[in-house]
file upload.txt (compact mmCIF, C-alpha atoms)
# COMPACT_ATOMS: atom_id res chain seq x y z
CA MET B 1 74.17 -4.98 -61.85
CA PRO B 2 75.75 -7.70 -63.89
CA VAL B 3 74.54 -11.18 -64.77
CA ILE B 4 77.23 -13.86 -64.70
CA VAL B 5 76.41 -17.17 -66.41
CA MET B 6 78.38 -20.40 -66.01
CA ALA B 7 78.07 -22.36 -69.22
CA SER B 8 79.48 -25.55 -70.66
CA PRO B 9 77.60 -28.42 -72.28
CA LYS B 10 79.93 -30.81 -70.43
CA GLY B 11 79.13 -31.92 -66.90
CA GLY B 12 81.65 -32.03 -64.05
CA VAL B 13 83.84 -29.18 -65.26
CA GLY B 14 83.27 -26.96 -62.21
CA LYS B 15 80.30 -24.75 -63.17
CA SER B 16 78.62 -25.12 -59.78
CA THR B 17 81.90 -24.63 -57.90
CA CYS B 18 82.53 -21.40 -59.83
CA ALA B 19 78.96 -20.26 -59.13
CA VAL B 20 79.19 -20.96 -55.40
CA LEU B 21 82.59 -19.28 -55.08
CA LEU B 22 81.49 -16.18 -56.99
CA ALA B 23 78.17 -15.91 -55.14
CA SER B 24 79.78 -16.24 -51.72
CA GLU B 25 82.80 -14.04 -52.48
CA PHE B 26 80.76 -11.22 -54.06
CA ALA B 27 78.40 -11.38 -51.07
CA ARG B 28 81.44 -11.08 -48.78
CA MET B 29 82.44 -7.96 -50.76
CA GLY B 30 79.05 -6.47 -49.85
CA ALA B 31 76.95 -7.28 -52.91
CA GLU B 32 73.44 -8.63 -52.81
CA VAL B 33 73.71 -11.82 -54.85
CA THR B 34 70.90 -13.78 -56.46
CA ALA B 35 71.96 -17.28 -57.43
CA LEU B 36 69.85 -19.21 -59.93
CA ASP B 37 70.10 -22.99 -59.83
CA CYS B 38 69.14 -24.23 -63.30
CA ASP B 39 70.93 -27.56 -62.97
CA PRO B 40 68.75 -30.67 -62.49
CA ASN B 41 71.50 -32.02 -60.19
CA LYS B 42 70.63 -29.13 -57.83
CA SER B 43 74.21 -28.62 -56.60
CA LEU B 44 73.52 -25.03 -55.48
CA THR B 45 70.31 -26.08 -53.74
CA ARG B 46 72.23 -28.78 -51.85
CA TRP B 47 74.85 -26.19 -50.86
CA ALA B 48 72.10 -23.79 -49.73
CA SER B 49 70.38 -26.51 -47.68
CA HIS B 50 73.34 -26.35 -45.26
CA GLY B 51 73.04 -22.58 -44.92
CA LEU B 52 73.46 -19.66 -47.30
CA PRO B 53 76.02 -16.93 -46.64
CA LYS B 54 74.64 -13.50 -45.71
CA GLY B 55 73.66 -11.55 -48.81
CA VAL B 56 72.92 -14.55 -51.04
CA THR B 57 69.42 -15.50 -52.20
CA LEU B 58 68.81 -18.70 -54.15
CA HIS B 59 66.15 -19.57 -56.71
CA SER B 60 65.94 -23.28 -57.49
CA ASP B 61 64.43 -25.22 -60.40
CA VAL B 62 64.62 -22.42 -62.93
CA GLY B 63 63.67 -23.91 -66.28
CA ARG B 64 63.77 -22.94 -69.93
CA SER B 65 60.44 -21.12 -69.91
CA GLU B 66 61.26 -19.01 -66.82
CA ILE B 67 64.96 -18.27 -67.26
CA VAL B 68 64.67 -14.96 -69.14
CA THR B 69 62.04 -13.45 -66.84
CA THR B 70 63.72 -14.78 -63.67
CA ILE B 71 67.02 -13.13 -64.64
CA LYS B 72 65.19 -9.93 -65.55
CA ASN B 73 63.33 -9.88 -62.21
CA ALA B 74 66.46 -10.71 -60.18
CA ASP B 75 68.53 -8.02 -61.86
CA GLY B 76 68.51 -4.65 -60.10
CA ASP B 77 70.57 -1.96 -58.41
CA GLY B 78 73.20 -3.39 -56.10
CA LYS B 79 72.45 -6.96 -57.17
CA ILE B 80 74.66 -9.48 -58.90
CA VAL B 81 73.00 -12.44 -60.58
CA VAL B 82 74.94 -15.71 -60.76
CA VAL B 83 73.44 -18.43 -62.99
CA ASP B 84 74.49 -22.07 -62.70
CA LEU B 85 73.44 -24.04 -65.76
CA GLU B 86 72.99 -27.72 -66.58
CA GLY B 87 75.83 -29.55 -68.28
CA VAL B 88 74.00 -30.26 -71.53
CA ALA B 89 73.44 -28.45 -74.81
CA SER B 90 69.95 -27.06 -74.28
CA GLN B 91 67.77 -24.06 -75.08
CA LEU B 92 67.95 -23.16 -71.40
CA VAL B 93 71.68 -22.59 -71.87
CA SER B 94 71.30 -20.52 -75.05
CA ARG B 95 68.59 -18.36 -73.45
CA ALA B 96 70.66 -17.73 -70.30
CA ILE B 97 73.69 -16.74 -72.39
CA SER B 98 71.56 -14.13 -74.19
CA GLN B 99 70.93 -12.40 -70.84
CA ALA B 100 74.54 -12.46 -69.63
CA ASP B 101 77.00 -9.65 -69.03
CA LEU B 102 79.74 -12.22 -68.61
CA VAL B 103 79.72 -15.88 -69.64
CA ILE B 104 82.27 -18.01 -67.84
CA VAL B 105 83.15 -21.34 -69.45
CA PRO B 106 84.90 -23.56 -66.91
CA MET B 107 87.20 -26.17 -68.39
CA GLN B 108 89.48 -28.78 -66.93
CA PRO B 109 92.83 -28.81 -68.72
CA THR B 110 91.98 -31.83 -70.87
CA ALA B 111 91.41 -32.15 -74.60
CA LEU B 112 87.87 -33.47 -74.08
CA ASP B 113 86.80 -30.55 -71.88
CA ALA B 114 88.32 -28.10 -74.34
CA GLU B 115 86.53 -29.68 -77.29
CA ILE B 116 83.10 -29.76 -75.62
CA GLY B 117 83.58 -26.39 -73.89
CA SER B 118 84.39 -24.78 -77.23
CA GLU B 119 80.77 -25.46 -78.25
CA ALA B 120 79.66 -22.98 -75.58
CA LEU B 121 82.21 -20.42 -76.81
CA ALA B 122 81.00 -20.84 -80.38
CA LEU B 123 77.40 -20.42 -79.26
CA VAL B 124 78.26 -17.16 -77.44
CA ARG B 125 79.87 -15.80 -80.60
CA GLU B 126 76.89 -16.78 -82.74
CA GLU B 127 74.49 -15.16 -80.27
CA GLU B 128 76.60 -11.99 -80.32
CA GLU B 129 76.17 -11.91 -84.07
CA ALA B 130 72.44 -12.63 -83.98
CA LEU B 131 71.72 -10.09 -81.23
CA SER B 132 74.17 -7.50 -82.59
CA ARG B 133 75.67 -6.91 -79.17
CA PRO B 134 78.88 -8.13 -77.54
CA ILE B 135 78.57 -10.76 -74.81
CA ARG B 136 81.75 -10.82 -72.80
CA HIS B 137 83.00 -14.34 -72.24
CA ALA B 138 86.02 -16.01 -70.73
CA VAL B 139 87.39 -19.44 -69.93
CA VAL B 140 88.54 -20.45 -66.48
CA LEU B 141 90.64 -23.55 -66.12
CA THR B 142 89.50 -25.65 -63.19
CA LYS B 143 90.84 -28.48 -61.04
CA THR B 144 94.37 -27.51 -62.00
CA SER B 145 97.42 -28.68 -60.11
CA ALA B 146 98.66 -26.45 -57.28
CA ALA B 147 102.22 -27.68 -57.73
CA VAL B 148 103.00 -27.74 -61.44
CA LYS B 149 101.38 -26.59 -64.65
CA SER B 150 100.97 -29.61 -66.90
CA ARG B 151 102.13 -29.60 -70.50
CA VAL B 152 98.53 -30.15 -71.61
CA GLN B 153 97.43 -27.08 -69.65
CA THR B 154 100.16 -24.92 -71.19
CA GLU B 155 99.23 -26.11 -74.68
CA LEU B 156 95.54 -25.52 -74.05
CA GLU B 157 96.18 -22.00 -72.76
CA ASN B 158 98.27 -21.23 -75.83
CA GLN B 159 95.57 -22.56 -78.15
CA LEU B 160 92.83 -20.55 -76.41
CA ARG B 161 94.90 -17.36 -76.41
CA GLY B 162 95.78 -17.98 -80.05
CA ALA B 163 92.05 -18.12 -80.83
CA GLY B 164 91.58 -14.79 -79.06
CA ILE B 165 89.80 -16.27 -76.06
CA ASP B 166 90.08 -14.53 -72.71
CA ILE B 167 91.43 -16.78 -69.93
CA ILE B 168 90.70 -15.86 -66.32
CA GLU B 169 93.79 -15.95 -64.13
CA PRO B 170 94.20 -17.50 -61.65
CA SER B 171 92.78 -20.88 -62.55
CA LEU B 172 90.81 -22.72 -59.89
CA VAL B 173 93.12 -25.24 -58.29
CA ALA B 174 91.87 -28.71 -57.28
CA ARG B 175 91.18 -28.04 -53.59
CA ALA B 176 89.27 -30.31 -51.24
CA ALA B 177 87.74 -27.23 -49.58
CA PHE B 178 85.96 -26.29 -52.83
CA SER B 179 84.14 -29.60 -53.03
CA GLU B 180 83.56 -29.78 -49.27
CA LEU B 181 81.84 -26.39 -49.36
CA PHE B 182 78.80 -28.19 -50.81
CA ALA B 183 78.62 -30.41 -47.72
CA HIS B 184 78.94 -27.54 -45.22
CA GLY B 185 77.16 -24.60 -46.86
CA GLY B 186 78.10 -20.98 -46.19
CA ASP B 187 81.38 -19.64 -47.54
CA LEU B 188 85.05 -20.46 -47.20
CA THR B 189 85.57 -18.05 -44.28
CA SER B 190 82.86 -19.80 -42.25
CA MET B 191 84.59 -23.08 -43.04
CA LEU B 192 87.94 -21.61 -42.02
CA ASN B 193 86.64 -20.18 -38.74
CA ASP B 194 84.61 -23.20 -37.64
CA PRO B 195 86.84 -25.53 -35.59
CA GLU B 196 84.19 -28.25 -35.88
CA ILE B 197 84.74 -28.51 -39.62
CA VAL B 198 87.57 -30.84 -40.52
CA THR B 199 88.56 -30.67 -44.18
CA GLY B 200 91.00 -32.71 -46.15
CA GLY B 201 92.74 -29.64 -47.55
CA LYS B 202 94.02 -26.17 -46.92
CA VAL B 203 91.05 -23.84 -46.58
CA ASP B 204 93.25 -20.71 -46.36
CA LYS B 205 94.85 -21.51 -49.71
CA ALA B 206 91.43 -22.21 -51.20
CA LEU B 207 90.16 -18.86 -49.89
CA LEU B 208 93.10 -17.00 -51.44
CA ASN B 209 92.44 -18.75 -54.76
CA ALA B 210 88.71 -17.96 -54.65
CA THR B 211 89.32 -14.29 -53.75
CA ALA B 212 91.83 -13.83 -56.57
CA PHE B 213 89.45 -15.54 -59.01
CA THR B 214 86.56 -13.27 -57.93
CA GLU B 215 88.78 -10.19 -58.32
CA ALA B 216 89.65 -11.31 -61.85
CA VAL B 217 85.94 -11.70 -62.62
CA TYR B 218 85.24 -8.30 -61.07
CA GLU B 219 87.80 -6.70 -63.42
CA ARG B 220 85.87 -8.12 -66.38
CA LEU B 221 82.58 -6.71 -65.15
CA LYS B 222 83.79 -3.12 -64.85
CA MET Y 1 87.45 3.32 -51.66
CA SER Y 2 85.24 0.98 -49.66
CA VAL Y 3 84.42 -2.49 -50.91
CA SER Y 4 80.74 -1.69 -51.48
CA ASN Y 5 81.69 1.45 -53.46
CA ARG Y 6 83.70 -0.71 -55.80
CA LEU Y 7 80.65 -2.85 -56.50
CA ALA Y 8 78.42 0.17 -56.97
CA GLY Y 9 80.34 0.91 -60.16
CA LEU Y 10 79.20 -2.35 -61.75
CA THR Y 11 76.33 -2.04 -64.17
CA ALA Y 12 74.39 -4.40 -66.37
CA ARG Y 13 73.92 -3.75 -70.05
CA PRO Y 14 70.28 -3.51 -71.14
CA LYS Y 15 69.05 -6.69 -72.82
CA ASN Y 16 66.13 -7.32 -75.06
CA THR Y 17 63.76 -9.90 -73.61
CA SER Y 18 61.02 -9.72 -76.24
CA PRO Y 19 59.59 -13.01 -77.61
CA VAL Y 20 61.06 -12.16 -81.04
CA GLU Y 21 64.53 -11.84 -79.55
CA VAL Y 22 64.14 -15.06 -77.54
CA ARG Y 23 63.02 -16.88 -80.72
CA LYS Y 24 66.13 -15.57 -82.46
CA VAL Y 25 68.32 -16.94 -79.64
CA ASP Y 26 66.50 -20.29 -79.77
CA ASP Y 27 67.13 -20.53 -83.52
CA VAL Y 28 70.84 -19.83 -83.09
CA GLY Y 29 71.06 -22.39 -80.28
CA GLU Y 30 69.11 -25.07 -82.17
CA ALA Y 31 71.41 -24.77 -85.17
CA ARG Y 32 74.29 -25.72 -82.84
CA GLY Y 33 72.42 -28.53 -81.08
CA PHE Y 34 71.24 -26.52 -78.08
CA VAL Y 35 67.66 -27.75 -78.30
CA ASP Y 36 64.69 -27.85 -75.94
CA ARG Y 37 65.44 -30.63 -73.46
CA THR Y 38 62.64 -29.91 -71.03
CA PRO Y 39 61.36 -33.30 -69.81
CA ARG Y 40 58.07 -34.11 -71.50
CA LYS Y 41 55.00 -34.66 -69.35
CA LYS Y 42 53.28 -38.07 -69.49
CA PRO Y 43 50.92 -37.98 -72.46
CA GLY Y 44 47.19 -38.66 -72.29
CA ARG Y 45 44.31 -37.74 -70.03
CA LYS Y 46 44.99 -37.80 -66.33
CA PRO Y 47 42.89 -40.37 -64.38
CA SER Y 48 39.68 -38.94 -62.97
CA PRO Y 49 39.27 -38.85 -59.21
CA ARG Y 50 37.62 -42.00 -57.90
CA THR Y 51 33.90 -41.64 -57.04
CA HIS Y 52 33.43 -45.25 -55.89
CA GLN Y 53 30.24 -45.37 -57.99
CA LEU Y 54 29.12 -48.72 -59.33
CA HIS Y 55 29.29 -48.95 -63.08
CA PRO Y 56 25.81 -49.37 -64.66
CA LYS Y 57 27.05 -52.61 -66.25
CA VAL Y 58 27.45 -54.18 -62.80
CA PHE Y 59 23.67 -54.50 -62.39
CA PRO Y 60 22.31 -53.84 -65.88
CA GLU Y 61 18.70 -54.74 -65.04
CA VAL Y 62 18.68 -52.46 -61.99
CA GLY Y 63 20.15 -49.62 -64.05
CA GLU Y 64 17.50 -50.07 -66.74
CA ALA Y 65 14.70 -50.20 -64.15
CA ILE Y 66 15.91 -46.98 -62.48
CA ALA Y 67 16.14 -45.25 -65.87
CA ALA Y 68 12.59 -46.36 -66.85
CA GLU Y 69 11.11 -45.31 -63.47
CA ALA Y 70 12.85 -41.89 -63.58
CA GLU Y 71 11.46 -41.31 -67.07
CA ARG Y 72 7.97 -42.30 -65.96
CA LEU Y 73 8.14 -39.85 -63.00
CA GLY Y 74 9.67 -37.11 -65.21
CA ILE Y 75 12.74 -36.70 -62.98
CA THR Y 76 16.40 -37.49 -63.41
CA GLN Y 77 17.93 -40.76 -62.31
CA GLY Y 78 19.94 -38.84 -59.71
CA GLN Y 79 16.78 -37.32 -58.22
CA LEU Y 80 15.17 -40.76 -58.09
CA ILE Y 81 18.21 -42.22 -56.34
CA GLU Y 82 18.08 -39.34 -53.83
CA GLN Y 83 14.43 -40.16 -53.09
CA MET Y 84 15.31 -43.82 -52.71
CA TRP Y 85 18.12 -42.94 -50.33
CA GLU Y 86 15.76 -40.75 -48.23
CA HIS Y 87 13.32 -43.67 -48.06
CA TYR Y 88 16.10 -46.05 -47.06
CA GLU Y 89 17.29 -43.65 -44.32
CA ALA Y 90 13.71 -43.23 -42.99
CA THR Y 91 13.07 -46.97 -42.78
CA ARG Y 92 16.44 -47.93 -41.31
call {"tool": "encode", "arguments": {"input": "upload.txt", "output": "structure tokens"}}
result
Amino acid sequence: MPVIVMASPKGGVGKSTCAVLLASEFARMGAEVTALDCDPNKSLTRWASHGLPKGVTLHSDVGRSEIVTTIKNADGDGKIVVVDLEGVASQLVSRAISQADLVIVPMQPTALDAEIGSEALALVREEEEALSRPIRHAVVLTKTSAAVKSRVQTELENQLRGAGIDIIEPSLVARAAFSELFAHGGDLTSMLNDPEIVTGGKVDKALLNATAFTEAVYERLK
Amino acid sequence: MSVSNRLAGLTARPKNTSPVEVRKVDDVGEARGFVDRTPRKKPGRKPSPRTHQLHPKVFPEVGEAIAAEAERLGITQGQLIEQMWEHYEATR
């Protein structure tokens, strides 16, 4: 089953949020998901400490020397591997990309994110050349506005499409539920169904967004 | 089609994980600034576990006397100290 890698040398772009949403949504679809937390900030480990959704297994502290074998060991029939990487330009990132079936580069719709994120896209293309095999990759815009698409976002999308880069639609909207998931653990449905959990946003809208995003990723894995 | 059947159609492409291939990936990454950023361990020898032994320099004359006596008896200093300890225990 496929290996999905979240990569961007910039921190705070939404790599861990994408990883958590994909892991929990694919598990809800019935997949056995192995999530690898390779980020020294341990965002996925913090999320897991509050309870993992059924079907998700987490491996923490995966470093440069173990990444290739850990992915290889986690990969198997009926399993999806989701890798959350550190937000720096490191060998750990380049090695993880080499084992990916899909590399997702999250980017906020800002010039800075686009500039730094493009380093990851360039690296994927160079690895494709060196390994003589295609590595599917796509950008997802994160923390976008639910109400209006900014001019910067439209321009960025046009530039990326013009460069032949695949953009995952829908983008991930800035939702409080996405960030609060790390404080509650589990998945968005558990958050939605638990009356004890009070969030600052609309969990149902967040769930719809996450489901549509996961479907779009699924289409790229087929 | 059930949800799980949809996922069953997903497959992973085979990947080469040989050291040669990993080296190739490292080279490509390094050329773009994706270098090894594994935190380095503290250099140097780790401190030995404490034995609470007195250093021979603390009582140099005593150390020299023990060494001379052990040599005269044809035993090691450790054996001599063991004998001394037995004697001390017996007379306590």
call {"tool": "residues_around", "arguments": {"input": "upload.txt", "residues": "stretch 135-147 of chain B", "least_positions_apart": "6", "cutoff": "10 Å", "atoms": "only C-alpha atoms", "output": "PyMOL selection string"}}
result
(chain B and resi 4-7+13-15+17-18+97-110+113-114+117-118+120-121+124-125+127-129+153+156-157+160+165-175+178+205+213+217+220-221) or (chain Y and resi 13)
call {"tool": "residues_around", "arguments": {"input": "upload.txt", "residues": "Y:Ile66", "least_positions_apart": "3", "cutoff": "8 Å", "atoms": "all atoms listed in the file", "output": "VMD selection string"}}
result
chain Y and resid 62 to 63 69 to 70 77 80
call {"tool": "interface_residues", "arguments": {"input": "upload.txt", "of": "chain B", "to": "chain Y", "cutoff": "8 Å", "atoms": "all atoms listed in the file", "output": "CSV table (one decimal) with C-alpha atoms, in the coordinates of the input"}}
result
chain,number,residue,atom,x,y,z
B,1,MET,CA,74.2,-5.0,-61.8
B,2,PRO,CA,75.8,-7.7,-63.9
B,3,VAL,CA,74.5,-11.2,-64.8
B,29,MET,CA,82.4,-8.0,-50.8
B,30,GLY,CA,79.0,-6.5,-49.8
B,31,ALA,CA,77.0,-7.3,-52.9
B,63,GLY,CA,63.7,-23.9,-66.3
B,64,ARG,CA,63.8,-22.9,-69.9
B,68,VAL,CA,64.7,-15.0,-69.1
B,69,THR,CA,62.0,-13.4,-66.8
B,78,GLY,CA,73.2,-3.4,-56.1
B,89,ALA,CA,73.4,-28.4,-74.8
B,90,SER,CA,70.0,-27.1,-74.3
B,91,GLN,CA,67.8,-24.1,-75.1
B,92,LEU,CA,68.0,-23.2,-71.4
B,93,VAL,CA,71.7,-22.6,-71.9
B,94,SER,CA,71.3,-20.5,-75.0
B,95,ARG,CA,68.6,-18.4,-73.4
B,98,SER,CA,71.6,-14.1,-74.2
B,99,GLN,CA,70.9,-12.4,-70.8
B,101,ASP,CA,77.0,-9.6,-69.0
B,119,GLU,CA,80.8,-25.5,-78.2
B,123,LEU,CA,77.4,-20.4,-79.3
B,126,GLU,CA,76.9,-16.8,-82.7
B,127,GLU,CA,74.5,-15.2,-80.3
B,130,ALA,CA,72.4,-12.6,-84.0
B,131,LEU,CA,71.7,-10.1,-81.2
B,221,LEU,CA,82.6,-6.7,-65.2
B,222,LYS,CA,83.8,-3.1,-64.8
call {"tool": "atom_distance", "arguments": {"input": "upload.txt", "atom1": "atom CA of B:Thr214", "atom2": "atom CA of B:Val82"}}
result
12.2 Å
call {"tool": "atom_distance", "arguments": {"input": "upload.txt", "atom1": "atom CA of B:Ile71", "atom2": "atom CA of B:Gly11"}}
result
22.5 Å
call {"tool": "atom_distance", "arguments": {"input": "upload.txt", "atom1": "atom CA of Y:Arg72", "atom2": "atom CA of Y:Met84"}}
result
15.2 Å
call {"tool": "residues_around", "arguments": {"input": "upload.txt", "residues": "B:Ser24", "least_positions_apart": "4", "cutoff": "12 Å", "atoms": "only C-alpha atoms", "output": "CSV table (one decimal) with C-alpha atoms, in the coordinates of the input"}}
result
chain,number,residue,atom,x,y,z
B,17,THR,CA,81.9,-24.6,-57.9
B,18,CYS,CA,82.5,-21.4,-59.8
B,19,ALA,CA,79.0,-20.3,-59.1
B,20,VAL,CA,79.2,-21.0,-55.4
B,28,ARG,CA,81.4,-11.1,-48.8
B,29,MET,CA,82.4,-8.0,-50.8
B,30,GLY,CA,79.0,-6.5,-49.8
B,31,ALA,CA,77.0,-7.3,-52.9
B,32,GLU,CA,73.4,-8.6,-52.8
B,33,VAL,CA,73.7,-11.8,-54.8
B,34,THR,CA,70.9,-13.8,-56.5
B,35,ALA,CA,72.0,-17.3,-57.4
B,44,LEU,CA,73.5,-25.0,-55.5
B,47,TRP,CA,74.8,-26.2,-50.9
B,48,ALA,CA,72.1,-23.8,-49.7
B,51,GLY,CA,73.0,-22.6,-44.9
B,52,LEU,CA,73.5,-19.7,-47.3
B,53,PRO,CA,76.0,-16.9,-46.6
B,54,LYS,CA,74.6,-13.5,-45.7
B,55,GLY,CA,73.7,-11.6,-48.8
B,56,VAL,CA,72.9,-14.6,-51.0
B,57,THR,CA,69.4,-15.5,-52.2
B,58,LEU,CA,68.8,-18.7,-54.2
B,80,ILE,CA,74.7,-9.5,-58.9
B,81,VAL,CA,73.0,-12.4,-60.6
B,82,VAL,CA,74.9,-15.7,-60.8
B,178,PHE,CA,86.0,-26.3,-52.8
B,181,LEU,CA,81.8,-26.4,-49.4
B,185,GLY,CA,77.2,-24.6,-46.9
B,186,GLY,CA,78.1,-21.0,-46.2
B,187,ASP,CA,81.4,-19.6,-47.5
B,188,LEU,CA,85.0,-20.5,-47.2
B,189,THR,CA,85.6,-18.0,-44.3
B,190,SER,CA,82.9,-19.8,-42.2
B,207,LEU,CA,90.2,-18.9,-49.9
B,210,ALA,CA,88.7,-18.0,-54.6
B,211,THR,CA,89.3,-14.3,-53.8
B,214,THR,CA,86.6,-13.3,-57.9
call {"tool": "axis_aligned_box", "arguments": {"input": "upload.txt", "around": "stretch 62-78 of chain Y", "padding_each_side": "5 Å", "output": "AutoDock Vina command-line options"}}
result
--center_x 14.1 --center_y -44.6 --center_z -63.4 --size_x 22.2 --size_y 25.8 --size_z 17.4
call {"tool": "closest_residue", "arguments": {"input": "upload.txt", "among": "B:Glu66, B:Phe26, B:Lys42, B:Ser8", "to": "B:Ala122", "atoms": "all atoms listed in the file"}}
result
B:Ser8
call {"tool": "build_atoms", "arguments": {"input": "upload.txt", "residues": "stretch 30-55 of chain B", "atoms": "N, CA and C atoms", "output": "JSON list (two decimals), keeping the file's coordinate frame"}}
result
[["chain", "number", "residue", "atom", "x", "y", "z"],
["B", 30, "GLY", "N", 80.15, -7.39, -50.17],
["B", 30, "GLY", "CA", 79.05, -6.47, -49.85],
["B", 30, "GLY", "C", 77.94, -6.43, -50.86],
["B", 31, "ALA", "N", 78.01, -7.28, -51.88],
["B", 31, "ALA", "CA", 76.95, -7.28, -52.91],
["B", 31, "ALA", "C", 75.77, -8.14, -52.46],
["B", 32, "GLU", "N", 74.62, -7.79, -53.00],
["B", 32, "GLU", "CA", 73.44, -8.63, -52.81],
["B", 32, "GLU", "C", 73.43, -9.58, -54.00],
["B", 33, "VAL", "N", 73.56, -10.85, -53.75],
["B", 33, "VAL", "CA", 73.71, -11.82, -54.85],
["B", 33, "VAL", "C", 72.46, -12.69, -54.97],
["B", 34, "THR", "N", 71.97, -12.82, -56.20],
["B", 34, "THR", "CA", 70.90, -13.78, -56.46],
["B", 34, "THR", "C", 71.50, -14.92, -57.27],
["B", 35, "ALA", "N", 71.44, -16.11, -56.72],
["B", 35, "ALA", "CA", 71.96, -17.28, -57.43],
["B", 35, "ALA", "C", 70.79, -18.06, -58.01],
["B", 36, "LEU", "N", 70.91, -18.43, -59.27],
["B", 36, "LEU", "CA", 69.85, -19.21, -59.93],
["B", 36, "LEU", "C", 70.37, -20.62, -60.20],
["B", 37, "ASP", "N", 69.71, -21.60, -59.62],
["B", 37, "ASP", "CA", 70.10, -22.99, -59.83],
["B", 37, "ASP", "C", 69.25, -23.58, -60.95],
["B", 38, "CYS", "N", 69.86, -23.70, -62.12],
["B", 38, "CYS", "CA", 69.14, -24.23, -63.30],
["B", 38, "CYS", "C", 69.61, -25.64, -63.62],
["B", 39, "ASP", "N", 70.36, -26.24, -62.72],
["B", 39, "ASP", "CA", 70.93, -27.56, -62.97],
["B", 39, "ASP", "C", 70.04, -28.62, -62.32],
["B", 40, "PRO", "N", 69.59, -29.62, -63.09],
["B", 40, "PRO", "CA", 68.75, -30.67, -62.49],
["B", 40, "PRO", "C", 69.45, -31.42, -61.34],
["B", 41, "ASN", "N", 70.77, -31.37, -61.30],
["B", 41, "ASN", "CA", 71.50, -32.02, -60.19],
["B", 41, "ASN", "C", 71.38, -31.23, -58.89],
["B", 42, "LYS", "N", 70.90, -29.99, -59.00],
["B", 42, "LYS", "CA", 70.63, -29.13, -57.83],
["B", 42, "LYS", "C", 71.82, -28.96, -56.90],
["B", 43, "SER", "N", 73.01, -28.77, -57.45],
["B", 43, "SER", "CA", 74.21, -28.62, -56.60],
["B", 43, "SER", "C", 74.09, -27.39, -55.71],
["B", 44, "LEU", "N", 73.63, -26.27, -56.27],
["B", 44, "LEU", "CA", 73.52, -25.03, -55.48],
["B", 44, "LEU", "C", 72.45, -25.16, -54.39],
["B", 45, "THR", "N", 71.39, -25.88, -54.72],
["B", 45, "THR", "CA", 70.31, -26.08, -53.74],
["B", 45, "THR", "C", 70.82, -26.94, -52.59],
["B", 46, "ARG", "N", 71.64, -27.93, -52.90],
["B", 46, "ARG", "CA", 72.23, -28.78, -51.85],
["B", 46, "ARG", "C", 73.15, -27.94, -50.97],
["B", 47, "TRP", "N", 73.96, -27.09, -51.61],
["B", 47, "TRP", "CA", 74.85, -26.19, -50.86],
["B", 47, "TRP", "C", 74.01, -25.29, -49.94],
["B", 48, "ALA", "N", 72.95, -24.72, -50.49],
["B", 48, "ALA", "CA", 72.10, -23.79, -49.73],
["B", 48, "ALA", "C", 71.38, -24.48, -48.58],
["B", 49, "SER", "N", 71.11, -25.79, -48.74],
["B", 49, "SER", "CA", 70.38, -26.51, -47.68],
["B", 49, "SER", "C", 71.18, -26.57, -46.38],
["B", 50, "HIS", "N", 72.50, -26.35, -46.47],
["B", 50, "HIS", "CA", 73.34, -26.35, -45.26],
["B", 50, "HIS", "C", 73.53, -24.93, -44.72],
["B", 51, "GLY", "N", 72.94, -23.97, -45.39],
["B", 51, "GLY", "CA", 73.04, -22.58, -44.92],
["B", 51, "GLY", "C", 73.67, -21.68, -45.98],
["B", 52, "LEU", "N", 72.96, -20.61, -46.30],
["B", 52, "LEU", "CA", 73.46, -19.66, -47.30],
["B", 52, "LEU", "C", 74.26, -18.56, -46.60],
["B", 53, "PRO", "N", 75.31, -18.06, -47.24],
["B", 53, "PRO", "CA", 76.02, -16.93, -46.64],
["B", 53, "PRO", "C", 75.13, -15.68, -46.66],
["B", 54, "LYS", "N", 75.42, -14.74, -45.78],
["B", 54, "LYS", "CA", 74.64, -13.50, -45.71],
["B", 54, "LYS", "C", 74.77, -12.77, -47.06],
["B", 55, "GLY", "N", 73.64, -12.31, -47.56],
["B", 55, "GLY", "CA", 73.66, -11.55, -48.81],
["B", 55, "GLY", "C", 73.36, -12.37, -50.05]]
